[in-house]
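Have a look at the structure below, then the notes.
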Amino acid sequence: DSVFGPEPGKLHGYDGHQEIELALVKLYRVTAEERYLRLSRFFIDARGEKPSFFVEEWERRGRFSHWTQKVTALPDLAYFQAHEPVREQSVAVGHAVRAVYMYAAMADLARLTGDQSLLEACRRLWRNTTARQMYITGGIGSTHHGEAFSFDYDLPNDTVYAETCASIGLMFFASRMLQLEPKSEYADVLERALYNNVIGSMSQDGKHYF
């Protein structure tokens, strides 16, 4: 909170892998500290704004990646769901785990703040994710290239990725949508992902994973 935020002197940016947003909401619920809720909302609101924080950081460090130790290409903003403001997004794109963790936080904030524009974005992203980019098992993120969403109805069986983490994130999203609206479709998807993907990802003895 002392580093990130909209105030002068703070970094006006956001995380590369969304998760802190929903964690901050949990921290707010435990402590009743409004600053945690405000910070979560800031990270959601700042993502996708122009100029892009990711592009500015990339240029500031000489287009060099500490991860690869070489000069890199322009960041793929869609991979980080930072290609446009979250309230304008309607298609699930990019890294699947990042996406559904962000959607879960958006749903949390919509419920706690009454933000109707966030709620409408959640509904659109839910429909696209579950009606066009989800396997019958509840798996999402069909391609191993970037552990990501692909395009509508691109759900190959022989090369399916559908990471367990993405199914857990989808369950987070579903449970929060269910708190917003008592619709059976949210519970159905939650159970489908749990019974097919999450339970199936670890052996009964807890020593092997798939």
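In the structure tokens, chains take letters A, B, ... by order of appearance, with residues numbered from 1 within each chain and ligands from 1 in the order shown.
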**OP:** Apply DSSP to the structure's backbone, then extract all residues of stretch 73-132 of chain A labelled helix (DSSP H, G or I) and return them as a PyMOL selection string.
**Re:** chain A and resi 77-80+86-88+96-113+116-132
With only C-alpha atoms as the counted atoms, please give the residues lying no more than 10 Å from stretch 54-69 of chain A, apart from itself and same-chain residues fewer than 6 positions off, as JSON, numbers by chain.
{"A": [13, 14, 15, 16, 47, 48, 75, 76, 77, 80, 82]}
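Note that the spacing between atom CA of A:Val93 and atom CA of A:Glu191 amounts to 23.2 Å.
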| query | Between A:Arg38, A:Arg123, A:His145, A:Arg29, which is the closest to A:Gly5 once you count only C-alpha atoms? | reply |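 That would be A:Arg38, the residue with the smallest distance to A:Gly5.
Here the question is which of A:Tyr103, A:Thr137, A:Phe42, A:Gln179 gets nearest to A:Leu22 using only C-alpha atoms, and that residue is A:Tyr103.
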**Prompt:** Any idea what's packed within 8 Å of A:Glu88, counting only C-alpha atoms, ignoring anything in its chain fewer than 3 positions away? Could you give it as JSON, numbers by chain?
**Reply:** {"A": [84, 85, 121]}
Q. How would you write, as a PyMOL selection string, the set of residues in stretch 12-203 of chain A that DSSP gives as strand (DSSP E or B)?
A. chain A and resi 64-65+70-71+95+134+140+143+148+202
Margin query: Between atom CA of A:Asp1 and atom CA of A:Ala46, what is the distance in Å, rounded to a tenth?
Written below: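 Here the two named atoms are 14.5 Å from each other.
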Distance criterion (only C-alpha atoms): nearest to A:Tyr101 out of A:Tyr79, A:Phe151, A:Phe173, A:Tyr36
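Of all the options, A:Phe173 lies closest to A:Tyr101.
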May I ask which of the residues A:Asp115, A:Glu147, A:Asp108, A:Asp45 is the closest one to A:Leu178, counting only C-alpha atoms?
->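 The closest residue to A:Leu178 is A:Asp108.
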Exercise for review: For A:Phe172, list every protein, DNA or RNA residue within 9 Å, evaluated using only C-alpha atoms, and leave out those in the same chain fewer than 5 positions away; present the list as a list in words.
Suggested key: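 In the requested format, the answer is Val100, Tyr101, Tyr103, Ala104, Ala105, Ser167, Met177 and Leu190 of chain A.
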From the list A:Ile199, A:Leu109, A:Ala78, A:Ala99, the nearest residue to A:Leu24 using only C-alpha atoms is A:Leu109
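Here atom CA of A:Ala162 and atom CA of A:Gln81 stand 18.1 Å from one another.
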